[in-house]
$ cat start_29.pdb   # PDB, C-alpha atoms
ATOM      1  CA  MET A  73      -7.494  -1.814 -21.843
ATOM      2  CA  LYS A  74      -5.110  -1.636 -18.915
ATOM      3  CA  ALA A  75      -4.083   1.819 -17.749
ATOM      4  CA  ARG A  76      -0.347   2.301 -17.631
ATOM      5  CA  ARG A  77       1.819   3.435 -14.770
ATOM      6  CA  ILE A  78       4.319   6.193 -15.473
ATOM      7  CA  ILE A  79       7.554   6.197 -13.505
ATOM      8  CA  THR A  80       8.879   9.726 -13.160
ATOM      9  CA  GLY A  81      12.489  10.641 -12.609
ATOM     10  CA  ILE A  82      11.895  14.085 -11.100
ATOM     11  CA  THR A  83      11.705  14.538  -7.348
ATOM     12  CA  THR A  84       8.776  16.290  -5.719
ATOM     13  CA  ALA A  85      11.001  19.039  -4.375
ATOM     14  CA  ALA A  86      12.470  19.643  -7.813
ATOM     15  CA  ALA A  87       9.003  19.696  -9.342
ATOM     16  CA  MET A  88       7.756  22.324  -6.912
ATOM     17  CA  LEU A  89      10.945  24.354  -7.386
ATOM     18  CA  ALA A  90      10.419  24.286 -11.131
ATOM     19  CA  PHE A  91       6.809  25.327 -10.653
ATOM     20  CA  THR A  92       7.859  28.274  -8.517
ATOM     21  CA  ALA A  93      10.634  29.277 -10.895
ATOM     22  CA  CYS A  94       8.357  29.314 -13.916
ATOM     23  CA  GLY A  95       5.873  31.516 -12.095
ATOM     24  CA  GLY A  96       2.998  29.145 -12.794
ATOM     25  CA  ASP A  97       2.977  29.975 -16.494
ATOM     26  CA  GLY A  98       0.805  26.938 -17.193
ATOM     27  CA  GLY A  99      -2.279  28.760 -15.890
ATOM     28  CA  ASN A 100      -4.476  30.737 -18.213
ATOM     29  CA  GLY A 101      -5.407  33.556 -15.838
ATOM     30  CA  GLY A 102      -9.070  32.623 -16.217
ATOM     31  CA  GLU A 103      -9.120  33.190 -20.000
ATOM     32  CA  ALA A 104     -10.999  30.777 -22.228
ATOM     33  CA  GLU A 105      -8.908  28.081 -23.877
ATOM     34  CA  SER A 106      -9.256  26.942 -27.461
ATOM     35  CA  GLU A 107     -10.266  23.353 -28.159
ATOM     36  CA  GLU A 108      -6.799  22.702 -29.578
ATOM     37  CA  ASN A 109      -5.415  22.788 -26.041
ATOM     38  CA  PHE A 110      -7.651  19.958 -24.841
ATOM     39  CA  THR A 111      -6.187  16.472 -24.779
ATOM     40  CA  THR A 112      -7.490  12.946 -24.457
ATOM     41  CA  ASP A 113      -4.066  11.591 -23.473
ATOM     42  CA  LEU A 114      -4.355  12.085 -19.728
ATOM     43  CA  VAL A 115      -1.860  11.741 -16.890
ATOM     44  CA  PHE A 116      -3.545  10.885 -13.588
ATOM     45  CA  ALA A 117      -1.509  12.081 -10.581
ATOM     46  CA  THR A 118      -1.901   9.847  -7.528
ATOM     47  CA  GLY A 119       0.433   9.721  -4.498
ATOM     48  CA  GLY A 120       3.001   7.469  -2.841
ATOM     49  CA  THR A 121       2.746   3.732  -3.467
ATOM     50  CA  ALA A 122       2.159   2.915   0.222
ATOM     51  CA  GLY A 123      -0.924   5.102   0.528
ATOM     52  CA  VAL A 124      -4.479   4.933  -0.828
ATOM     53  CA  TYR A 125      -4.140   7.401  -3.715
ATOM     54  CA  TYR A 126      -1.855   5.180  -5.772
ATOM     55  CA  PRO A 127      -3.908   1.956  -5.945
ATOM     56  CA  PHE A 128      -7.182   3.910  -6.098
ATOM     57  CA  GLY A 129      -5.833   5.984  -8.982
ATOM     58  CA  GLY A 130      -4.663   2.906 -10.826
ATOM     59  CA  GLU A 131      -8.143   1.401 -10.716
ATOM     60  CA  LEU A 132      -9.801   4.664 -11.735
ATOM     61  CA  ALA A 133      -7.376   5.055 -14.637
ATOM     62  CA  THR A 134      -8.416   1.633 -15.928
ATOM     63  CA  ILE A 135     -12.107   2.493 -15.511
ATOM     64  CA  TYR A 136     -11.709   5.732 -17.457
ATOM     65  CA  GLU A 137      -9.915   4.015 -20.316
ATOM     66  CA  ASN A 138     -12.590   1.335 -20.472
ATOM     67  CA  GLU A 139     -15.581   3.662 -20.162
ATOM     68  CA  ILE A 140     -14.548   6.810 -22.058
ATOM     69  CA  GLU A 141     -14.126   6.551 -25.802
ATOM     70  CA  ASP A 142     -10.765   7.566 -27.301
ATOM     71  CA  VAL A 143      -9.193   8.435 -23.919
ATOM     72  CA  THR A 144      -5.887   7.072 -22.629
ATOM     73  CA  VAL A 145      -4.977   7.429 -18.969
ATOM     74  CA  ASN A 146      -1.526   6.905 -17.491
ATOM     75  CA  TYR A 147      -1.243   7.074 -13.723
ATOM     76  CA  VAL A 148       1.830   8.407 -11.971
ATOM     77  CA  GLU A 149       3.245   8.170  -8.464
ATOM     78  CA  SER A 150       3.682  11.604  -6.903
ATOM     79  CA  GLY A 151       4.460  13.482  -3.717
ATOM     80  CA  GLY A 152       0.764  14.140  -3.152
ATOM     81  CA  SER A 153      -1.850  16.859  -3.280
ATOM     82  CA  ALA A 154       0.283  20.000  -3.591
ATOM     83  CA  GLU A 155       2.465  18.557  -6.331
ATOM     84  CA  ASN A 156      -0.602  17.249  -8.141
ATOM     85  CA  VAL A 157      -2.411  20.594  -8.320
ATOM     86  CA  GLY A 158       0.862  22.348  -9.196
ATOM     87  CA  LYS A 159       1.521  20.048 -12.137
ATOM     88  CA  ILE A 160      -2.082  20.375 -13.308
ATOM     89  CA  TYR A 161      -1.658  24.155 -13.218
ATOM     90  CA  GLN A 162       1.509  23.814 -15.272
ATOM     91  CA  GLU A 163      -0.405  21.625 -17.746
ATOM     92  CA  GLU A 164       2.050  18.766 -17.297
ATOM     93  CA  TRP A 165      -0.610  16.526 -15.716
ATOM     94  CA  GLN A 166      -4.328  16.711 -16.416
ATOM     95  CA  ILE A 167      -6.158  14.967 -13.571
ATOM     96  CA  GLY A 168      -5.281  13.926 -10.056
ATOM     97  CA  PHE A 169      -6.094  13.479  -6.406
ATOM     98  CA  ALA A 170      -5.951  16.361  -3.964
ATOM     99  CA  ASP A 171      -7.321  16.762  -0.507
ATOM    100  CA  ASN A 172      -9.871  19.550  -0.318
ATOM    101  CA  GLY A 173      -7.744  21.565   2.103
ATOM    102  CA  THR A 174      -4.740  21.726  -0.201
ATOM    103  CA  ALA A 175      -6.869  22.371  -3.270
ATOM    104  CA  ASN A 176      -8.691  25.222  -1.544
ATOM    105  CA  LEU A 177      -5.399  26.809  -0.514
ATOM    106  CA  ALA A 178      -4.219  26.476  -4.115
ATOM    107  CA  VAL A 179      -7.159  28.309  -5.672
ATOM    108  CA  GLN A 180      -7.125  30.907  -2.874
ATOM    109  CA  GLY A 181      -3.465  31.700  -3.601
ATOM    110  CA  GLU A 182      -2.412  30.551  -0.119
ATOM    111  CA  LEU A 183      -0.572  27.306  -0.851
ATOM    112  CA  PRO A 184       2.554  27.224   1.369
ATOM    113  CA  GLY A 185       5.575  28.269  -0.661
ATOM    114  CA  LEU A 186       3.378  29.693  -3.416
ATOM    115  CA  GLU A 187       1.457  32.367  -1.539
ATOM    116  CA  GLY A 188      -0.104  34.881  -3.908
ATOM    117  CA  GLU A 189      -0.143  32.444  -6.850
ATOM    118  CA  SER A 190      -3.760  31.473  -7.538
ATOM    119  CA  LEU A 191      -4.025  28.156  -9.372
ATOM    120  CA  ASP A 192      -6.908  29.137 -11.595
ATOM    121  CA  ASN A 193      -7.290  26.177 -13.959
ATOM    122  CA  VAL A 194      -8.027  23.509 -11.325
ATOM    123  CA  GLY A 195     -11.618  22.231 -11.386
ATOM    124  CA  TRP A 196     -13.413  19.955  -8.913
ATOM    125  CA  ILE A 197     -14.599  16.614 -10.257
ATOM    126  CA  ALA A 198     -15.745  14.759  -7.122
ATOM    127  CA  ASN A 199     -15.304  14.188  -3.424
ATOM    128  CA  LEU A 200     -14.468  10.533  -2.779
ATOM    129  CA  TYR A 201     -13.766   9.731   0.866
ATOM    130  CA  PRO A 202     -12.518  11.195   4.163
ATOM    131  CA  GLU A 203      -8.782  11.141   4.873
ATOM    132  CA  ALA A 204      -7.903  10.990   8.555
ATOM    133  CA  LEU A 205      -4.773  12.326  10.207
ATOM    134  CA  HIS A 206      -2.924   9.415  11.804
ATOM    135  CA  ILE A 207      -0.275  10.216  14.426
ATOM    136  CA  VAL A 208       1.589   6.985  15.069
ATOM    137  CA  VAL A 209       4.128   6.215  17.790
ATOM    138  CA  ARG A 210       5.661   2.993  19.020
ATOM    139  CA  ASP A 211       3.774   1.423  21.887
ATOM    140  CA  ASP A 212       6.974   1.216  23.954
ATOM    141  CA  SER A 213       7.444   5.006  23.805
ATOM    142  CA  ASP A 214       6.481   7.486  26.535
ATOM    143  CA  PHE A 215       4.441   9.707  24.220
ATOM    144  CA  GLU A 216       0.860  10.057  25.410
ATOM    145  CA  SER A 217      -0.047  13.354  23.745
ATOM    146  CA  VAL A 218       1.031  15.362  20.710
ATOM    147  CA  ALA A 219       2.379  17.903  23.201
ATOM    148  CA  ASP A 220       4.852  15.255  24.375
ATOM    149  CA  LEU A 221       6.512  15.241  20.938
ATOM    150  CA  GLU A 222       8.633  18.282  21.750
ATOM    151  CA  GLY A 223      12.226  17.345  20.967
ATOM    152  CA  ALA A 224      11.145  14.271  18.968
ATOM    153  CA  THR A 225      11.950  13.335  15.386
ATOM    154  CA  ILE A 226       8.670  13.354  13.495
ATOM    155  CA  ALA A 227       7.878  12.301   9.931
ATOM    156  CA  VAL A 228       5.622  15.166   8.840
ATOM    157  CA  GLY A 229       4.775  14.072   5.293
ATOM    158  CA  ASP A 230       6.389  14.245   1.913
ATOM    159  CA  ALA A 231       7.279  17.504   0.183
ATOM    160  CA  GLY A 232       4.313  18.575  -1.879
ATOM    161  CA  SER A 233       1.794  16.644   0.212
ATOM    162  CA  GLY A 234      -1.397  17.652   1.966
ATOM    163  CA  THR A 235      -0.117  15.729   4.977
ATOM    164  CA  ARG A 236       2.635  18.304   5.471
ATOM    165  CA  ILE A 237       0.093  21.125   5.558
ATOM    166  CA  THR A 238      -2.097  19.386   8.143
ATOM    167  CA  SER A 239       0.894  18.206  10.202
ATOM    168  CA  ASP A 240       2.239  21.739  10.433
ATOM    169  CA  ALA A 241      -1.183  23.054  11.430
ATOM    170  CA  VAL A 242      -1.676  20.496  14.198
ATOM    171  CA  LEU A 243       1.837  20.748  15.609
ATOM    172  CA  GLY A 244       1.591  24.534  15.517
ATOM    173  CA  ALA A 245      -1.711  24.418  17.404
ATOM    174  CA  TYR A 246       0.113  22.511  20.144
ATOM    175  CA  GLY A 247       2.768  25.232  20.196
ATOM    176  CA  LEU A 248       5.361  23.122  18.402
ATOM    177  CA  GLU A 249       7.208  24.884  15.604
ATOM    178  CA  GLU A 250      10.240  23.676  13.638
ATOM    179  CA  GLY A 251      13.121  23.864  16.072
ATOM    180  CA  ASP A 252      10.937  22.378  18.794
ATOM    181  CA  TYR A 253      11.144  19.033  16.973
ATOM    182  CA  GLU A 254      13.161  17.469  14.155
ATOM    183  CA  PRO A 255      11.029  17.155  10.990
ATOM    184  CA  GLU A 256      11.606  14.186   8.720
ATOM    185  CA  VAL A 257      10.202  15.027   5.279
ATOM    186  CA  THR A 258       9.416  11.692   3.687
ATOM    187  CA  ASP A 259       6.647   9.611   2.192
ATOM    188  CA  PHE A 260       4.258   7.489   4.214
ATOM    189  CA  GLY A 261       5.822   4.131   3.301
ATOM    190  CA  SER A 262       9.326   5.209   4.242
ATOM    191  CA  SER A 263       8.091   6.721   7.501
ATOM    192  CA  THR A 264       6.541   3.470   8.695
ATOM    193  CA  GLU A 265       9.779   1.614   7.987
ATOM    194  CA  MET A 266      11.724   4.266   9.894
ATOM    195  CA  LEU A 267       9.356   4.029  12.851
ATOM    196  CA  ALA A 268       9.699   0.237  12.917
ATOM    197  CA  ASP A 269      13.498   0.613  12.894
ATOM    198  CA  ASN A 270      13.462   3.243  15.689
ATOM    199  CA  GLN A 271      14.921   5.877  13.343
ATOM    200  CA  ILE A 272      12.104   8.310  14.139
ATOM    201  CA  ASP A 273       9.837   8.810  17.133
ATOM    202  CA  ALA A 274       6.527   9.420  15.368
ATOM    203  CA  THR A 275       4.970   9.617  11.946
ATOM    204  CA  MET A 276       2.042  11.760  10.841
ATOM    205  CA  PHE A 277       0.104  11.035   7.682
ATOM    206  CA  VAL A 278      -3.299  11.906   6.239
ATOM    207  CA  VAL A 279      -4.864   8.974   4.446
ATOM    208  CA  GLY A 280      -8.050   7.025   3.840
ATOM    209  CA  THR A 281      -8.930   4.680   6.682
ATOM    210  CA  PRO A 282      -7.954   1.919   7.071
ATOM    211  CA  VAL A 283      -4.669   2.017   5.194
ATOM    212  CA  ALA A 284      -2.789  -1.209   4.474
ATOM    213  CA  GLY A 285       0.602   0.296   5.324
ATOM    214  CA  LEU A 286      -0.387   0.872   8.942
ATOM    215  CA  THR A 287      -2.031  -2.536   9.194
ATOM    216  CA  GLN A 288       1.233  -4.087   7.984
ATOM    217  CA  LEU A 289       3.328  -1.981  10.366
ATOM    218  CA  SER A 290       1.198  -2.951  13.375
ATOM    219  CA  ALA A 291       1.571  -6.640  12.494
ATOM    220  CA  GLN A 292       5.316  -6.424  13.122
ATOM    221  CA  THR A 293       5.651  -3.504  15.548
ATOM    222  CA  ASP A 294       3.418  -2.577  18.475
ATOM    223  CA  VAL A 295       2.141   0.937  17.820
ATOM    224  CA  ARG A 296      -0.386   3.445  19.147
ATOM    225  CA  LEU A 297      -2.297   6.377  17.664
ATOM    226  CA  LEU A 298      -2.103   9.701  19.480
ATOM    227  CA  PRO A 299      -5.398  11.627  19.569
ATOM    228  CA  VAL A 300      -5.820  15.274  18.643
ATOM    229  CA  ASP A 301      -7.467  16.921  21.647
ATOM    230  CA  SER A 302     -10.931  18.239  20.835
ATOM    231  CA  ASP A 303     -10.044  21.863  21.639
ATOM    232  CA  VAL A 304      -6.983  21.713  19.386
ATOM    233  CA  ALA A 305      -8.982  19.997  16.645
ATOM    234  CA  ALA A 306     -11.599  22.765  16.854
ATOM    235  CA  GLU A 307      -8.882  25.424  16.581
ATOM    236  CA  VAL A 308      -7.369  23.794  13.485
ATOM    237  CA  GLU A 309     -10.825  23.321  11.950
ATOM    238  CA  ASP A 310     -11.680  27.000  12.463
ATOM    239  CA  ALA A 311      -8.406  28.112  10.858
ATOM    240  CA  GLY A 312      -8.332  25.793   7.860
ATOM    241  CA  ASN A 313     -10.171  23.191   5.807
ATOM    242  CA  GLU A 314      -9.830  20.237   8.176
ATOM    243  CA  THR A 315     -12.839  18.691   9.929
ATOM    244  CA  GLN A 316     -13.003  16.970  13.317
ATOM    245  CA  TYR A 317     -13.174  13.222  12.786
ATOM    246  CA  ASP A 318     -12.925   9.958  14.725
ATOM    247  CA  ILE A 319     -10.920   6.981  13.484
ATOM    248  CA  PRO A 320     -13.238   4.078  14.376
ATOM    249  CA  ALA A 321     -11.988   1.406  16.763
ATOM    250  CA  ASP A 322     -12.627  -1.328  14.210
ATOM    251  CA  ALA A 323     -10.334   0.286  11.631
ATOM    252  CA  TYR A 324      -7.229  -1.412  13.044
ATOM    253  CA  ASP A 325      -6.790  -4.473  15.246
ATOM    254  CA  PHE A 326      -4.600  -2.610  17.742
ATOM    255  CA  LEU A 327      -7.272  -0.011  18.542
ATOM    256  CA  GLU A 328      -9.537  -0.482  21.531
ATOM    257  CA  GLU A 329     -11.579   2.705  21.122
ATOM    258  CA  ASP A 330     -12.233   5.476  18.605
ATOM    259  CA  VAL A 331      -9.426   8.015  18.212
ATOM    260  CA  GLU A 332     -10.172  11.733  17.954
ATOM    261  CA  THR A 333      -8.373  13.406  15.092
ATOM    262  CA  LEU A 334      -8.952  15.575  12.011
ATOM    263  CA  ALA A 335      -9.792  14.747   8.432
ATOM    264  CA  VAL A 336      -9.843  16.282   5.007
ATOM    265  CA  PHE A 337     -11.657  14.935   1.966
ATOM    266  CA  ALA A 338      -9.947  13.171  -0.907
ATOM    267  CA  ALA A 339     -11.135  14.657  -4.176
ATOM    268  CA  ILE A 340     -10.488  14.281  -7.874
ATOM    269  CA  VAL A 341      -9.568  17.501  -9.617
ATOM    270  CA  ALA A 342      -8.909  18.122 -13.281
ATOM    271  CA  SER A 343      -7.544  20.806 -15.532
ATOM    272  CA  THR A 344     -10.134  23.151 -16.973
ATOM    273  CA  THR A 345      -7.693  24.151 -19.731
ATOM    274  CA  GLN A 346      -6.711  20.653 -20.906
ATOM    275  CA  VAL A 347      -9.679  18.452 -19.969
ATOM    276  CA  SER A 348     -12.697  19.339 -22.098
ATOM    277  CA  ASP A 349     -16.194  19.704 -20.695
ATOM    278  CA  ASP A 350     -17.228  16.462 -22.402
ATOM    279  CA  VAL A 351     -14.303  14.481 -21.000
ATOM    280  CA  GLY A 352     -14.827  16.016 -17.551
ATOM    281  CA  TYR A 353     -18.471  14.929 -17.753
ATOM    282  CA  GLU A 354     -17.478  11.375 -18.661
ATOM    283  CA  ILE A 355     -14.872  11.231 -15.869
ATOM    284  CA  ALA A 356     -17.439  12.248 -13.256
ATOM    285  CA  LYS A 357     -19.987   9.801 -14.652
ATOM    286  CA  ALA A 358     -17.546   6.888 -14.833
ATOM    287  CA  THR A 359     -16.349   7.554 -11.285
ATOM    288  CA  PHE A 360     -19.763   7.242  -9.672
ATOM    289  CA  GLU A 361     -21.230   4.606 -11.959
ATOM    290  CA  ASN A 362     -18.283   2.245 -11.430
ATOM    291  CA  ALA A 363     -17.364   2.892  -7.789
ATOM    292  CA  ASP A 364     -18.806  -0.468  -6.741
ATOM    293  CA  SER A 365     -16.180  -2.253  -8.833
ATOM    294  CA  ILE A 366     -13.195  -0.608  -7.095
ATOM    295  CA  THR A 367     -11.414  -2.969  -4.698
ATOM    296  CA  VAL A 368      -9.658  -0.302  -2.594
ATOM    297  CA  GLU A 369     -11.502  -0.207   0.737
ATOM    298  CA  ALA A 370     -11.913   3.575   0.731
ATOM    299  CA  ALA A 371     -14.194   3.243  -2.303
ATOM    300  CA  GLN A 372     -17.012   2.234   0.057
ATOM    301  CA  PHE A 373     -17.386   5.925   0.943
ATOM    302  CA  VAL A 374     -17.920   7.124  -2.645
ATOM    303  CA  ASP A 375     -21.430   8.569  -2.750
ATOM    304  CA  ILE A 376     -22.777  10.899  -5.419
ATOM    305  CA  GLU A 377     -24.927  12.609  -2.784
ATOM    306  CA  GLU A 378     -21.665  13.840  -1.201
ATOM    307  CA  ALA A 379     -19.939  14.655  -4.476
ATOM    308  CA  VAL A 380     -19.293  18.299  -3.580
ATOM    309  CA  LEU A 381     -18.627  17.849   0.146
ATOM    310  CA  GLY A 382     -15.612  19.997   1.066
ATOM    311  CA  ILE A 383     -15.531  21.906  -2.222
ATOM    312  CA  GLY A 384     -15.193  25.312  -0.548
ATOM    313  CA  ASP A 385     -13.827  27.855  -3.030
ATOM    314  CA  ILE A 386     -12.770  25.305  -5.646
ATOM    315  CA  PRO A 387     -14.701  25.815  -8.892
ATOM    316  CA  LEU A 388     -16.569  22.847 -10.319
ATOM    317  CA  HIS A 389     -15.177  21.514 -13.556
ATOM    318  CA  PRO A 390     -17.862  22.447 -16.121
ATOM    319  CA  GLY A 391     -18.201  18.832 -17.242
ATOM    320  CA  ALA A 392     -18.725  17.591 -13.689
ATOM    321  CA  GLN A 393     -21.229  20.376 -13.094
ATOM    322  CA  ARG A 394     -23.277  19.259 -16.087
ATOM    323  CA  TYR A 395     -23.280  15.654 -14.854
ATOM    324  CA  PHE A 396     -24.347  16.601 -11.333
ATOM    325  CA  GLU A 397     -27.104  18.861 -12.642
ATOM    326  CA  GLU A 398     -28.449  15.973 -14.719
ATOM    327  CA  GLU A 399     -28.373  13.752 -11.621
ATOM    328  CA  GLY A 400     -30.196  16.324  -9.520
ATOM    329  CA  ILE A 401     -27.324  16.913  -7.080
ATOM    330  CA  GLU A 402     -27.614  20.125  -5.082
ATOM    331  CA  LEU A 403     -24.636  22.303  -5.969
ATOM    332  CA  PRO A 404     -23.057  25.212  -4.064
TER
END
$ encode --input "start_29.pdb" --output "structure tokens"
Amino acid sequence: MKARRIITGITTAAAMLAFTACGGDGGNGGEAESEENFTTDLVFATGGTAGVYYPFGGELATIYENEIEDVTVNYVESGGSAENVGKIYQEEWQIGFADNGTANLAVQGELPGLEGESLDNVGWIANLYPEALHIVVRDDSDFESVADLEGATIAVGDAGSGTRITSDAVLGAYGLEEGDYEPEVTDFGSSTEMLADNQIDATMFVVGTPVAGLTQLSAQTDVRLLPVDSDVAAEVEDAGNETQYDIPADAYDFLEEDVETLAVFAAIVASTTQVSDDVGYEIAKATFENADSITVEAAQFVDIEEAVLGIGDIPLHPGAQRYFEEEGIELP
């Protein structure tokens, strides 16, 4: 069976506004849910079509439909991590990608714009791969450091994305707040087109490495990656959920050496109020037992031994916990 793509007509900003307005009523406040609330008709929230989440999610959706009896999985393009966990909390979507930083903020009640609202029905299924912060400028620009971006127009990520959270953290660590630069809130694909057309000065995005969109951009436009200085990276790491990370020189043809930056971890999360323990178990199992068949390059990093890397304060989905216990994985 082929998983189906859902095309949504609601914008990310509108979705988050609706989430805020409803006060997060989709959550259950930690109370047990009856079996009647569980569903086997799942919506898998991915990300923008130019990134890694979307194609990866499409392949996983097909795997789940093929491997899990009586389950249908429709995958949907989205604004990214924050929107995904918000819609899971609202019980509009049931499973999705989220970087571990955004998901931790969500369960801690510290998600930007929703401070104090703890998203308490989001359960960890699996860590998949590292997502590196890329800070891209044209090669013909004078920017040599992130500090040089003062006064620039910078694509800082889509509304509802983990990229926006990390971008804000890094720019802030360099002393750059809104007003010191012009933020362009847009998706990764649009930002690369804008950079190629000289409509913006830089784009920042957090994504699995390598990402085809940047490879395609560099084939038509000479670009460079700006590093995150090690002291700044350490400051951001201490304050949040990011980890110091190097983009390897062989990731892109235009690189001559590794680039210091930060990374988060791409994870699958699922509703604990709509995805039953048994289905959560089967999702975790199908993910790791079929990772070798996924064609997206980031799938090479999927390793059950690192299934809970970056989990932090995010609770394990009970089904995933049962699977990992059976496989002898050390759990937090």
$ resolve_selection --input "start_29.pdb" --expression "the PyMOL selection byres ((chain A and resi 275-288) around 6)" --output "short mmCIF file (atom, residue, chain, number, x, y, z; two decimals) with C-alpha atoms, in the frame of the given file"
data_model
loop_
_atom_site.label_atom_id
_atom_site.label_comp_id
_atom_site.auth_asym_id
_atom_site.auth_seq_id
_atom_site.Cartn_x
_atom_site.Cartn_y
_atom_site.Cartn_z
CA ALA A 122 2.16 2.92 0.22
CA GLU A 203 -8.78 11.14 4.87
CA ALA A 204 -7.90 10.99 8.56
CA LEU A 205 -4.77 12.33 10.21
CA HIS A 206 -2.92 9.41 11.80
CA ILE A 207 -0.28 10.22 14.43
CA VAL A 208 1.59 6.98 15.07
CA ILE A 226 8.67 13.35 13.50
CA ALA A 227 7.88 12.30 9.93
CA VAL A 228 5.62 15.17 8.84
CA THR A 235 -0.12 15.73 4.98
CA ALA A 274 6.53 9.42 15.37
CA LEU A 289 3.33 -1.98 10.37
CA SER A 290 1.20 -2.95 13.38
CA ALA A 291 1.57 -6.64 12.49
CA ALA A 323 -10.33 0.29 11.63
#
$ atom_distance --input "start_29.pdb" --atom1 "CA of Tyr136 (chain A)" --atom2 "CA of Thr121 (chain A)"
20.2 Å
$ residues_near_point --input "start_29.pdb" --point "(-20.8, 5.9, -7.7)" --cutoff "12 Å" --atoms "only C-alpha atoms" --output "list of chain:residue names"
A:Leu132, A:Ala198, A:Asn199, A:Leu200, A:Tyr201, A:Ile355, A:Ala356, A:Lys357, A:Ala358, A:Thr359, A:Phe360, A:Glu361, A:Asn362, A:Ala363, A:Asp364, A:Ser365, A:Ile366, A:Ala371, A:Gln372, A:Phe373, A:Val374, A:Asp375, A:Ile376, A:Glu377, A:Glu378, A:Ala379, A:Phe396, A:Glu399
$ resolve_selection --input "start_29.pdb" --expression "the PyMOL selection byres ((chain A and resi 141) around 12)" --output "list of chain:residue names"
A:Met73, A:Thr112, A:Asp113, A:Ile135, A:Tyr136, A:Glu137, A:Asn138, A:Glu139, A:Ile140, A:Asp142, A:Val143, A:Thr144, A:Val145, A:Asp350, A:Val351, A:Glu354, A:Ile355, A:Ala358
$ atom_distance --input "start_29.pdb" --atom1 "CA of Phe128 (chain A)" --atom2 "CA of Gly151 (chain A)"
15.3 Å
$ resolve_selection --input "start_29.pdb" --expression "the PyMOL selection byres ((chain A and resi 304) around 10)" --output "ChimeraX atom specification"
/A:241-246,300-303,305-310,316,333-334
$ build_atoms --input "start_29.pdb" --residues "region 123-127 of chain A" --atoms "all heavy atoms" --output "PDB file, keeping the file's coordinate frame"
ATOM      1  N   GLY A 123       0.335   4.504   0.096  1.00  0.00           N
ATOM      2  CA  GLY A 123      -0.924   5.102   0.528  1.00  0.00           C
ATOM      3  C   GLY A 123      -2.119   4.589  -0.258  1.00  0.00           C
ATOM      4  O   GLY A 123      -2.045   3.574  -0.961  1.00  0.00           O
ATOM      5  N   VAL A 124      -3.235   5.314  -0.159  1.00  0.00           N
ATOM      6  CA  VAL A 124      -4.479   4.933  -0.828  1.00  0.00           C
ATOM      7  C   VAL A 124      -4.569   5.533  -2.232  1.00  0.00           C
ATOM      8  O   VAL A 124      -5.119   4.911  -3.144  1.00  0.00           O
ATOM      9  CB  VAL A 124      -5.697   5.351   0.020  1.00  0.00           C
ATOM     10  CG1 VAL A 124      -7.004   5.053  -0.702  1.00  0.00           C
ATOM     11  CG2 VAL A 124      -5.675   4.626   1.372  1.00  0.00           C
ATOM     12  N   TYR A 125      -4.033   6.734  -2.421  1.00  0.00           N
ATOM     13  CA  TYR A 125      -4.140   7.401  -3.715  1.00  0.00           C
ATOM     14  C   TYR A 125      -3.625   6.535  -4.869  1.00  0.00           C
ATOM     15  O   TYR A 125      -4.246   6.476  -5.936  1.00  0.00           O
ATOM     16  CB  TYR A 125      -3.341   8.704  -3.712  1.00  0.00           C
ATOM     17  CG  TYR A 125      -3.985   9.894  -3.045  1.00  0.00           C
ATOM     18  CD1 TYR A 125      -3.307  11.116  -2.981  1.00  0.00           C
ATOM     19  CD2 TYR A 125      -5.258   9.830  -2.489  1.00  0.00           C
ATOM     20  CE1 TYR A 125      -3.876  12.230  -2.382  1.00  0.00           C
ATOM     21  CE2 TYR A 125      -5.826  10.936  -1.889  1.00  0.00           C
ATOM     22  CZ  TYR A 125      -5.140  12.139  -1.831  1.00  0.00           C
ATOM     23  OH  TYR A 125      -5.691  13.236  -1.245  1.00  0.00           O
ATOM     24  N   TYR A 126      -2.501   5.884  -4.661  1.00  0.00           N
ATOM     25  CA  TYR A 126      -1.855   5.180  -5.772  1.00  0.00           C
ATOM     26  C   TYR A 126      -2.691   4.002  -6.279  1.00  0.00           C
ATOM     27  O   TYR A 126      -3.015   3.935  -7.482  1.00  0.00           O
ATOM     28  CB  TYR A 126      -0.453   4.735  -5.380  1.00  0.00           C
ATOM     29  CG  TYR A 126       0.315   4.122  -6.518  1.00  0.00           C
ATOM     30  CD1 TYR A 126       0.905   4.929  -7.488  1.00  0.00           C
ATOM     31  CD2 TYR A 126       0.433   2.741  -6.652  1.00  0.00           C
ATOM     32  CE1 TYR A 126       1.596   4.372  -8.557  1.00  0.00           C
ATOM     33  CE2 TYR A 126       1.115   2.183  -7.709  1.00  0.00           C
ATOM     34  CZ  TYR A 126       1.694   3.005  -8.661  1.00  0.00           C
ATOM     35  OH  TYR A 126       2.364   2.453  -9.727  1.00  0.00           O
ATOM     36  N   PRO A 127      -3.085   3.052  -5.418  1.00  0.00           N
ATOM     37  CA  PRO A 127      -3.908   1.956  -5.945  1.00  0.00           C
ATOM     38  C   PRO A 127      -5.286   2.411  -6.407  1.00  0.00           C
ATOM     39  O   PRO A 127      -5.816   1.908  -7.401  1.00  0.00           O
ATOM     40  CB  PRO A 127      -4.007   0.979  -4.762  1.00  0.00           C
ATOM     41  CG  PRO A 127      -3.731   1.799  -3.547  1.00  0.00           C
ATOM     42  CD  PRO A 127      -2.748   2.850  -3.990  1.00  0.00           C
TER      43      PRO A 127
END
